[in-house]
Each structure stands twice: as structure tokens, then as C-alpha cells.
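*Asks:* Next up is a structure, given as C-alpha cells.
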Amino acid sequence: QVQLVESGGGLVQPGGSLRLSCAASGTTIFSKYSMNWVRQAPGKGLEWVSTANPASSGGTTHYQDSVKGRFTISRDDAKNIVYLQMNNLKSEDTAVYYCGTMFDWGQGTQVSVSS
């Protein structure tokens with residue numbers, strides 16, 4: 001079982017930026033996982049945000065349409081960390097953000113966008 005810990009959330013004004021980090025432990029094959037970010041806004045269900053595929057699968061990245069051009073997912077396989085750089089944040093980005101593989105997920109980090 002992979003343990004995942006997210007960090008980097010907080011309160012930011014519209015138009016601001018945050019970088020979320022997700023550190024993985026309990027695995028020696030982090031580099032082989034597709035890593036995902038999902039979010040859950042208040043009163044809503046889980047929503048997929050972004051995926052970073054492993055280098056063995058081309059290292060491709062994918063984004064939900066609403067975050068394309070504003071969010072960037074990246075990974076450091078040497079450190080077992082996946083990042084989500086979020087720029088030009090909007091109020092609708094307010095949510096708890098979770099990172100995970102298909103099977104294991106972290107506890108989440110709160111992102112609040114408000115003036």
C-alpha cells in the first residue's frame with residue numbers, strides 16, 4: 001500500500017498561484033505509477049483534475065478542460081513526489097485536492113480561492 005501526503009494548499013486571491021506537492025512512501029516503484037490529482041468542491045462530488053503517466057508510458061500529461069493552460073502537473077521520480085502548479089486560480093478552483101494512484105489516495109489539502 002502506498003502512503004500519500006499532500007501539502008501546499010492554502011488561501012489565495014483570485015489570479016494567484018499555489019503549488020501542491022504529493023509525497024509518496026511505501027513503494028519502490030513510484031516511477032511506474034500513473035499519478036492523479038482529483039478535487040472535491042464543497043457540496044460536490046469528486047472531480048478528476050490531472051494525470052501524469054509514467055515515463056514507460058510516454059510520460060504524457062492530461063488535464064480537465066477547465067484547468068488546461070492554468071495547471072501543470074509534474075513528477076520527480078527520484079524523490080517520489082508529484083506536483084500540481086496552479087496559476088491564475090479562480091473561485092471555482094476552491095476544493096480539497098487529493099493525489100493518488102488508482103488504488104491509494106492521500107488525505108487531501110484544502111485550496112481556497114477568495115478575495
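Scheme for the C-alpha cells: letters A, B, ... for chains in order shown; per-chain residue numbers from 1; ligand numbers from 1 in order shown.
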Can you write out as JSON lines which residues of region 9-47 of chain A fall within 6 Å of region 98-102 of chain A, alongside each residue's closest atom pair and its distance in Å to one decimal, counting only C-alpha atoms and ordering rows by chain and ascending residue number?

*Replies:*
{"residue": "A:Met35", "atom": "CA", "partner": "A:Thr101", "partner_atom": "CA", "distance": 5.2}
{"residue": "A:Asn36", "atom": "CA", "partner": "A:Gly100", "partner_atom": "CA", "distance": 5.3}
{"residue": "A:Trp37", "atom": "CA", "partner": "A:Cys99", "partner_atom": "CA", "distance": 4.5}
{"residue": "A:Val38", "atom": "CA", "partner": "A:Tyr98", "partner_atom": "CA", "distance": 5.3}
{"residue": "A:Arg39", "atom": "CA", "partner": "A:Tyr98", "partner_atom": "CA", "distance": 5.9}

*Asks:* Would you list the contacts of Ala78 (chain A) as a PyMOL selection string, taking every protein, DNA or RNA residue within 10 Å and counting only C-alpha atoms, but skipping same-chain residues closer than 2 positions in sequence?

*Replies:* chain A and resi 30-31+75-76+80-81

*Asks:* What does the file look like for those residues with C-alpha atoms, as an mmCIF file, in the first residue's frame?

*Replies:*
data_model
loop_
_atom_site.group_PDB
_atom_site.id
_atom_site.type_symbol
_atom_site.label_atom_id
_atom_site.label_comp_id
_atom_site.auth_asym_id
_atom_site.auth_seq_id
_atom_site.Cartn_x
_atom_site.Cartn_y
_atom_site.Cartn_z
ATOM 1 C CA PHE A 30 6.647 5.072 -7.815
ATOM 2 C CA SER A 31 8.065 5.742 -11.256
ATOM 3 C CA ARG A 75 6.694 14.473 -11.137
ATOM 4 C CA ASP A 76 10.083 13.845 -9.620
ATOM 5 C CA ASN A 80 8.703 10.102 -5.198
ATOM 6 C CA ILE A 81 6.841 13.396 -5.472
#

*Asks:* With only C-alpha atoms as the counted atoms, please give the residues lying no more than 12 Å from Val111 (chain A), apart from itself and same-chain residues fewer than 5 positions off, as a ChimeraX atom specification.

*Replies:* /A:6-14,16-20,39-42,84,86,89-98

*Asks:* Could you write those residues out with C-alpha atoms, as a PDB file, in the first residue's frame?

*Replies:*
ATOM      1  CA  GLU A   6      -0.412  16.222   0.089  1.00  0.00           C
ATOM      2  CA  SER A   7       0.782  19.681   1.057  1.00  0.00           C
ATOM      3  CA  GLY A   8       0.859  23.214  -0.268  1.00  0.00           C
ATOM      4  CA  GLY A   9      -2.781  24.190  -0.025  1.00  0.00           C
ATOM      5  CA  GLY A  10      -3.979  27.457   1.429  1.00  0.00           C
ATOM      6  CA  LEU A  11      -5.944  30.629   0.889  1.00  0.00           C
ATOM      7  CA  VAL A  12      -5.136  32.663  -2.182  1.00  0.00           C
ATOM      8  CA  GLN A  13      -6.761  35.554  -4.017  1.00  0.00           C
ATOM      9  CA  PRO A  14      -8.231  35.100  -7.485  1.00  0.00           C
ATOM     10  CA  GLY A  16      -2.937  33.867  -7.562  1.00  0.00           C
ATOM     11  CA  SER A  17      -0.839  30.727  -7.639  1.00  0.00           C
ATOM     12  CA  LEU A  18      -0.188  27.700  -5.472  1.00  0.00           C
ATOM     13  CA  ARG A  19       1.955  24.625  -5.893  1.00  0.00           C
ATOM     14  CA  LEU A  20       0.669  21.419  -4.399  1.00  0.00           C
ATOM     15  CA  ARG A  39     -10.622  17.539  -6.189  1.00  0.00           C
ATOM     16  CA  GLN A  40     -13.841  17.876  -4.287  1.00  0.00           C
ATOM     17  CA  ALA A  41     -15.536  21.236  -4.048  1.00  0.00           C
ATOM     18  CA  PRO A  42     -17.914  21.992  -1.175  1.00  0.00           C
ATOM     19  CA  LEU A  84       0.457  20.430  -9.269  1.00  0.00           C
ATOM     20  CA  MET A  86      -1.813  26.065 -10.194  1.00  0.00           C
ATOM     21  CA  LEU A  89      -6.643  30.495  -9.719  1.00  0.00           C
ATOM     22  CA  LYS A  90     -10.373  31.087  -9.791  1.00  0.00           C
ATOM     23  CA  SER A  91     -13.024  30.847  -7.100  1.00  0.00           C
ATOM     24  CA  GLU A  92     -14.331  27.696  -8.748  1.00  0.00           C
ATOM     25  CA  ASP A  93     -10.993  26.009  -8.044  1.00  0.00           C
ATOM     26  CA  THR A  94     -11.829  26.050  -4.338  1.00  0.00           C
ATOM     27  CA  ALA A  95     -11.800  22.426  -3.221  1.00  0.00           C
ATOM     28  CA  VAL A  96      -9.955  19.770  -1.305  1.00  0.00           C
ATOM     29  CA  TYR A  97      -7.298  18.381  -3.609  1.00  0.00           C
ATOM     30  CA  TYR A  98      -6.248  14.752  -3.411  1.00  0.00           C
TER      31      TYR A  98
END
